[in-house]
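Text of upload20.tsv, listed as TSV, C-alpha atoms:
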```tsv
chain	number	residue	atom	x	y	z
A	1	GLY	CA	42.22	-50.38	-8.49
A	2	GLU	CA	39.76	-47.76	-9.61
A	3	ASN	CA	40.92	-44.83	-11.72
A	4	VAL	CA	38.73	-41.75	-12.00
A	5	GLU	CA	39.48	-39.11	-14.64
A	6	GLN	CA	37.79	-35.72	-14.38
A	7	HIS	CA	37.54	-32.97	-17.02
A	8	PRO	CA	37.94	-30.10	-17.38
A	9	SER	CA	40.32	-29.03	-14.64
A	10	THR	CA	39.01	-25.46	-14.83
A	11	LEU	CA	35.76	-24.13	-16.22
A	12	SER	CA	34.73	-20.51	-16.56
A	13	VAL	CA	31.14	-19.57	-17.36
A	14	GLN	CA	28.95	-16.50	-17.28
A	15	GLU	CA	26.21	-16.27	-14.71
A	16	GLY	CA	23.07	-17.94	-16.05
A	17	ASP	CA	24.96	-20.31	-18.34
A	18	SER	CA	25.08	-24.07	-17.84
A	19	ALA	CA	28.17	-25.96	-16.69
A	20	VAL	CA	29.03	-29.59	-17.34
A	21	ILE	CA	31.78	-31.57	-15.65
A	22	LYS	CA	32.60	-35.06	-16.87
A	23	CYS	CA	34.18	-38.07	-15.20
A	24	THR	CA	35.17	-41.50	-16.40
A	25	TYR	CA	35.90	-44.53	-14.27
A	26	SER	CA	37.68	-47.79	-14.94
A	27	ASP	CA	36.14	-50.41	-12.64
A	28	SER	CA	32.95	-51.87	-14.09
A	29	ALA	CA	31.99	-53.09	-10.59
A	30	SER	CA	31.65	-49.49	-9.30
A	31	ASN	CA	28.07	-48.74	-8.33
A	32	TYR	CA	28.09	-45.46	-6.38
A	33	PHE	CA	29.07	-42.07	-7.82
A	34	PRO	CA	28.96	-39.00	-5.58
A	35	TRP	CA	29.82	-35.39	-6.33
A	36	TYR	CA	31.35	-33.09	-3.74
A	37	LYS	CA	31.60	-29.31	-3.75
A	38	GLN	CA	34.44	-27.55	-1.97
A	39	GLU	CA	34.19	-23.80	-1.57
A	40	LEU	CA	37.38	-21.85	-1.05
A	41	GLY	CA	38.87	-22.63	2.35
A	42	LYS	CA	36.05	-24.98	3.28
A	43	ARG	CA	35.54	-28.72	3.58
A	44	PRO	CA	34.14	-30.86	0.72
A	45	GLN	CA	30.41	-31.41	0.99
A	46	LEU	CA	28.20	-33.87	-0.84
A	47	ILE	CA	25.87	-32.18	-3.32
A	48	ILE	CA	24.42	-35.12	-5.21
A	49	ASP	CA	25.06	-38.81	-5.78
A	50	ILE	CA	23.81	-41.53	-8.08
A	51	ARG	CA	23.75	-45.28	-7.89
A	52	SER	CA	24.22	-47.62	-10.80
A	53	ASN	CA	20.58	-48.65	-11.02
A	54	VAL	CA	19.63	-45.12	-12.04
A	55	GLY	CA	20.55	-43.22	-15.21
A	56	GLU	CA	19.82	-39.69	-14.07
A	57	LYS	CA	19.09	-37.79	-10.88
A	58	LYS	CA	18.06	-34.17	-10.39
A	59	ASP	CA	18.02	-31.81	-7.47
A	60	GLN	CA	16.85	-28.33	-8.41
A	61	ARG	CA	19.57	-26.82	-10.65
A	62	ILE	CA	21.89	-29.80	-10.32
A	63	ALA	CA	21.67	-33.08	-12.19
A	64	VAL	CA	23.91	-36.08	-12.59
A	65	THR	CA	23.80	-38.56	-15.45
A	66	LEU	CA	25.39	-41.99	-15.57
A	67	ASN	CA	26.29	-44.12	-18.57
A	68	LYS	CA	27.38	-47.50	-17.23
A	69	THR	CA	28.18	-48.91	-20.66
A	70	ALA	CA	30.63	-46.12	-21.41
A	71	LYS	CA	31.71	-45.85	-17.76
A	72	HIS	CA	31.22	-42.15	-17.48
A	73	PHE	CA	29.09	-39.81	-15.42
A	74	SER	CA	28.54	-36.08	-15.56
A	75	LEU	CA	27.44	-33.20	-13.35
A	76	HIS	CA	25.18	-30.61	-14.92
A	77	ILE	CA	24.54	-27.24	-13.29
A	78	THR	CA	21.93	-25.03	-14.94
A	79	GLU	CA	21.40	-21.28	-14.46
A	80	THR	CA	24.74	-20.93	-12.76
A	81	GLN	CA	25.16	-18.33	-10.01
A	82	PRO	CA	28.32	-16.80	-8.51
A	83	GLU	CA	27.84	-18.92	-5.39
A	84	ASP	CA	28.31	-22.01	-7.56
A	85	SER	CA	31.98	-21.03	-7.88
A	86	ALA	CA	33.95	-23.80	-6.16
A	87	VAL	CA	36.00	-26.91	-6.79
A	88	TYR	CA	33.90	-29.94	-7.68
A	89	PHE	CA	35.08	-33.51	-7.16
A	90	CYS	CA	33.57	-36.62	-8.64
A	91	ALA	CA	34.19	-40.02	-7.07
A	92	ALA	CA	33.50	-43.69	-7.62
A	93	ASN	CA	33.59	-46.60	-5.26
A	94	SER	CA	35.91	-49.46	-5.93
A	95	GLY	CA	36.23	-52.80	-4.29
A	96	TYR	CA	35.39	-52.50	-0.65
A	97	SER	CA	35.54	-49.45	1.58
A	98	THR	CA	37.19	-47.17	-0.89
A	99	LEU	CA	36.05	-44.06	-2.70
A	100	THR	CA	38.41	-42.85	-5.42
A	101	PHE	CA	38.17	-39.15	-6.21
A	102	GLY	CA	38.86	-37.31	-9.42
A	103	LYS	CA	41.41	-34.49	-9.36
A	104	GLY	CA	38.76	-31.81	-9.23
A	105	THR	CA	37.31	-29.07	-11.44
A	106	MET	CA	37.53	-25.42	-10.48
A	107	LEU	CA	34.32	-23.73	-11.62
A	108	LEU	CA	34.32	-19.94	-11.88
A	109	VAL	CA	31.00	-18.19	-12.46
A	110	SER	CA	31.37	-14.57	-13.50
A	111	PRO	CA	28.55	-12.09	-12.78
B	1	GLU	CA	25.28	-30.45	16.17
B	2	ALA	CA	26.57	-33.37	14.09
B	3	GLN	CA	30.18	-32.76	13.25
B	4	VAL	CA	33.69	-34.03	12.62
B	5	THR	CA	36.29	-32.10	14.59
B	6	GLN	CA	39.98	-31.97	13.72
B	7	ASN	CA	42.84	-30.45	15.65
B	8	PRO	CA	45.05	-28.62	15.09
B	9	ARG	CA	43.66	-26.65	12.16
B	10	TYR	CA	47.06	-25.23	11.31
B	11	LEU	CA	50.51	-26.53	12.20
B	12	ILE	CA	54.04	-25.68	11.18
B	13	THR	CA	56.63	-28.19	12.30
B	14	VAL	CA	60.13	-29.38	11.46
B	15	THR	CA	61.35	-32.55	9.82
B	16	GLY	CA	61.43	-35.51	12.19
B	17	LYS	CA	59.32	-34.06	15.00
B	18	LYS	CA	56.49	-36.49	15.73
B	19	LEU	CA	53.00	-35.06	15.56
B	20	THR	CA	49.42	-36.21	15.90
B	21	VAL	CA	46.34	-34.77	14.25
B	22	THR	CA	43.24	-35.66	16.20
B	23	CYS	CA	39.82	-36.40	14.71
B	24	SER	CA	36.59	-36.91	16.57
B	25	GLN	CA	33.01	-37.43	15.35
B	26	ASN	CA	29.78	-37.29	17.33
B	27	MET	CA	27.52	-39.12	14.88
B	28	ASN	CA	28.23	-42.67	16.07
B	29	HIS	CA	29.64	-43.53	12.64
B	30	GLU	CA	31.53	-46.78	12.33
B	31	TYR	CA	33.54	-45.69	9.27
B	32	MET	CA	36.26	-43.07	9.49
B	33	SER	CA	38.97	-42.10	7.04
B	34	TRP	CA	41.86	-39.72	6.46
B	35	TYR	CA	42.54	-37.93	3.16
B	36	ARG	CA	45.23	-35.55	2.02
B	37	GLN	CA	44.54	-32.85	-0.54
B	38	ASP	CA	47.29	-31.50	-2.75
B	39	PRO	CA	46.97	-29.07	-5.68
B	40	GLY	CA	46.24	-30.93	-8.90
B	41	LEU	CA	46.02	-34.30	-7.16
B	42	GLY	CA	42.56	-34.13	-5.61
B	43	LEU	CA	41.71	-36.08	-2.47
B	44	ARG	CA	43.78	-39.18	-1.79
B	45	GLN	CA	42.94	-41.65	0.94
B	46	ILE	CA	45.62	-42.35	3.55
B	47	TYR	CA	43.98	-44.81	5.95
B	48	TYR	CA	40.48	-45.86	6.85
B	49	SER	CA	38.72	-47.73	9.63
B	50	MET	CA	35.46	-49.65	9.56
B	51	ASN	CA	35.29	-50.26	13.28
B	52	VAL	CA	37.16	-50.07	16.55
B	53	GLU	CA	40.57	-51.75	16.31
B	54	VAL	CA	40.13	-52.25	12.53
B	55	THR	CA	42.26	-50.09	10.23
B	56	ASP	CA	43.38	-50.46	6.61
B	57	LYS	CA	45.70	-48.68	4.22
B	58	GLY	CA	44.38	-46.38	1.56
B	59	ASP	CA	46.23	-45.20	-1.53
B	60	VAL	CA	49.02	-43.21	0.16
B	61	PRO	CA	49.74	-44.70	3.62
B	62	GLU	CA	53.54	-44.34	3.63
B	63	GLY	CA	54.81	-42.23	6.53
B	64	TYR	CA	51.52	-42.30	8.44
B	65	LYS	CA	50.00	-44.32	11.24
B	66	VAL	CA	46.49	-44.39	12.65
B	67	SER	CA	44.70	-45.97	15.57
B	68	ARG	CA	41.04	-46.61	16.40
B	69	LYS	CA	40.76	-47.35	20.08
B	70	GLU	CA	37.36	-45.68	20.43
B	71	LYS	CA	34.53	-45.39	17.94
B	72	ARG	CA	34.50	-41.59	17.95
B	73	ASN	CA	38.26	-40.95	17.58
B	74	PHE	CA	40.64	-41.63	14.71
B	75	PRO	CA	43.98	-39.85	15.15
B	76	LEU	CA	46.54	-39.53	12.36
B	77	ILE	CA	50.14	-39.92	13.49
B	78	LEU	CA	53.22	-38.73	11.63
B	79	GLU	CA	56.12	-40.42	13.42
B	80	SER	CA	58.86	-38.58	11.51
B	81	PRO	CA	57.33	-35.90	9.28
B	82	SER	CA	59.08	-34.94	6.07
B	83	PRO	CA	58.53	-31.94	3.76
B	84	ASN	CA	56.60	-34.09	1.25
B	85	GLN	CA	53.92	-34.50	3.90
B	86	THR	CA	53.15	-30.80	3.74
B	87	SER	CA	49.50	-30.88	2.76
B	88	LEU	CA	45.89	-30.20	3.72
B	89	TYR	CA	44.48	-33.13	5.67
B	90	PHE	CA	40.83	-34.06	6.02
B	91	CYS	CA	39.24	-36.53	8.36
B	92	ALA	CA	35.87	-37.92	7.32
B	93	SER	CA	33.24	-40.26	8.67
B	94	SER	CA	30.32	-42.05	7.05
B	95	LEU	CA	26.99	-43.60	7.90
B	96	SER	CA	27.87	-46.34	5.45
B	97	ARG	CA	29.78	-48.97	7.37
B	98	THR	CA	32.02	-49.58	4.40
B	99	GLY	CA	32.36	-45.90	3.62
B	100	ASP	CA	31.87	-46.33	-0.10
B	101	THR	CA	28.13	-46.05	-0.60
B	102	GLY	CA	27.03	-43.14	1.53
B	103	GLU	CA	27.78	-39.53	2.34
B	104	LEU	CA	31.19	-38.68	3.73
B	105	PHE	CA	31.14	-35.99	6.43
B	106	PHE	CA	34.42	-34.10	6.38
B	107	GLY	CA	36.13	-32.22	9.13
B	108	GLU	CA	37.28	-28.64	8.55
B	109	GLY	CA	40.76	-29.69	7.53
B	110	SER	CA	44.23	-29.43	9.05
B	111	ARG	CA	46.87	-27.53	7.12
B	112	LEU	CA	50.28	-28.99	7.91
B	113	THR	CA	53.61	-27.50	6.87
B	114	VAL	CA	56.81	-29.47	7.46
B	115	LEU	CA	60.00	-27.43	7.17
```
Could I get this file's structure written as structure tokens?
Amino acid sequence: GENVEQHPSTLSVQEGDSAVIKCTYSDSASNYFPWYKQELGKRPQLIIDIRSNVGEKKDQRIAVTLNKTAKHFSLHITETQPEDSAVYFCAANSGYSTLTFGKGTMLLVSP
Amino acid sequence: EAQVTQNPRYLITVTGKKLTVTCSQNMNHEYMSWYRQDPGLGLRQIYYSMNVEVTDKGDVPEGYKVSRKEKRNFPLILESPSPNQTSLYFCASSLSRTGDTGELFFGEGSRLTVL
């Protein structure tokens, strides 16, 4: 089955800095890669996703890049703000009807 | 309001006492799924369902049962809970019929402690 590795497990940045979270996947047939944000005590919520026919996607301060050859994808957050502090999960689909999640990255943005 | 509703939100129980966590969605989604979240392990899928009366095992199905008698409901059943099932549980539904190519809408979570 699919295996998704996510790094780093924790990331501390100063407000205004950029943050990058990286994920690798094992199944070359995977074609959908979402990112979820989970604030403390809340449910995970989709923030951005990318499909395999696209190399990069942006939404305001958030961007995701995909390298199918290397089987890795990354989340980039620019001009970080304290409200960006949360746990971020990457995921990749595998086979049929399954999304495999990474173990998560706790992002702390200090004022 | 479109939502996924889980109950109970918090539960403390004892080993062996059967319990059910209910999940209901009002978005007419065909796909529903259960995940458990444990520190350092991320979100792991327990069971999923692509339609009424159709359920399949995820990555960690041992000790759990599910049923899908109605489109909107997908209860998670722990027949004989054990302490290793202490966890935070999330129900989710998706517009994507297969659940793997579209947004997952999560419930608020159910924190279960088994003593």
| said: Would you mind listing, as a PyMOL selection string, all residues of chain B that have at least one atom within 9 Å of chain A, where all atoms listed in the file are what counts? | reply: chain B and resi 31+39-45+48-50+58+90+97-109
| remark: Using only C-alpha atoms, the residue out of A:Ser28, A:Thr80, A:Gln38, A:Ser85 with shortest distance to Arg61 in chain A is A:Thr80
| Option closest in space to Lys69 in chain B, from B:Thr13, B:Ser94, B:Ser87, B:Ser24 [counting all atoms listed in the file] |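 Among B:Thr13, B:Ser94, B:Ser87, B:Ser24, it is B:Ser24 that comes nearest to Lys69 in chain B.
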| Close residues, Tyr25 in chain A itself excluded, 7 Å, only C-alpha atoms, min 3 positions apart in chain, as a VMD selection string | chain A and resid 2 to 5 71 to 72
| Closest to Tyr35 in chain B among B:Tyr89, B:Ser96, B:Glu1, B:Asp56, using only C-alpha atoms? |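 Distance minimum relative to Tyr35 in chain B lands on B:Tyr89.
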| Selected residue, from B:Cys23, B:Ile77, B:Leu88, B:Met32, that lies nearest to Glu62 in chain B when counting all atoms listed in the file |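 So, comparing all the options, the nearest one is B:Ile77.
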| request: To one decimal in Å, tell me the separation between CA of Pro61 in chain B and CA of Ser33 in chain B. | output: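 CA of Ser33 in chain B lies at a distance of 11.6 Å from CA of Pro61 in chain B.
Here CA of Leu95 in chain B and CA of Glu53 in chain B stand 17.9 Å from one another.
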| query | By how many Å are CA of Asp84 in chain A and CA of Val64 in chain A apart? | reply |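 Separation between CA of Asp84 in chain A and CA of Val64 in chain A: 15.6 Å.
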| said: So that I can check the surroundings of Tyr64 in chain B, please list as an MDAnalysis selection string every protein, DNA and RNA residue that reaches within 10 Å of it, counting all atoms listed in the file and ignoring chain neighbours fewer than 5 positions away. | reply: chainID B and resid 20 46:47 57 76:81 85
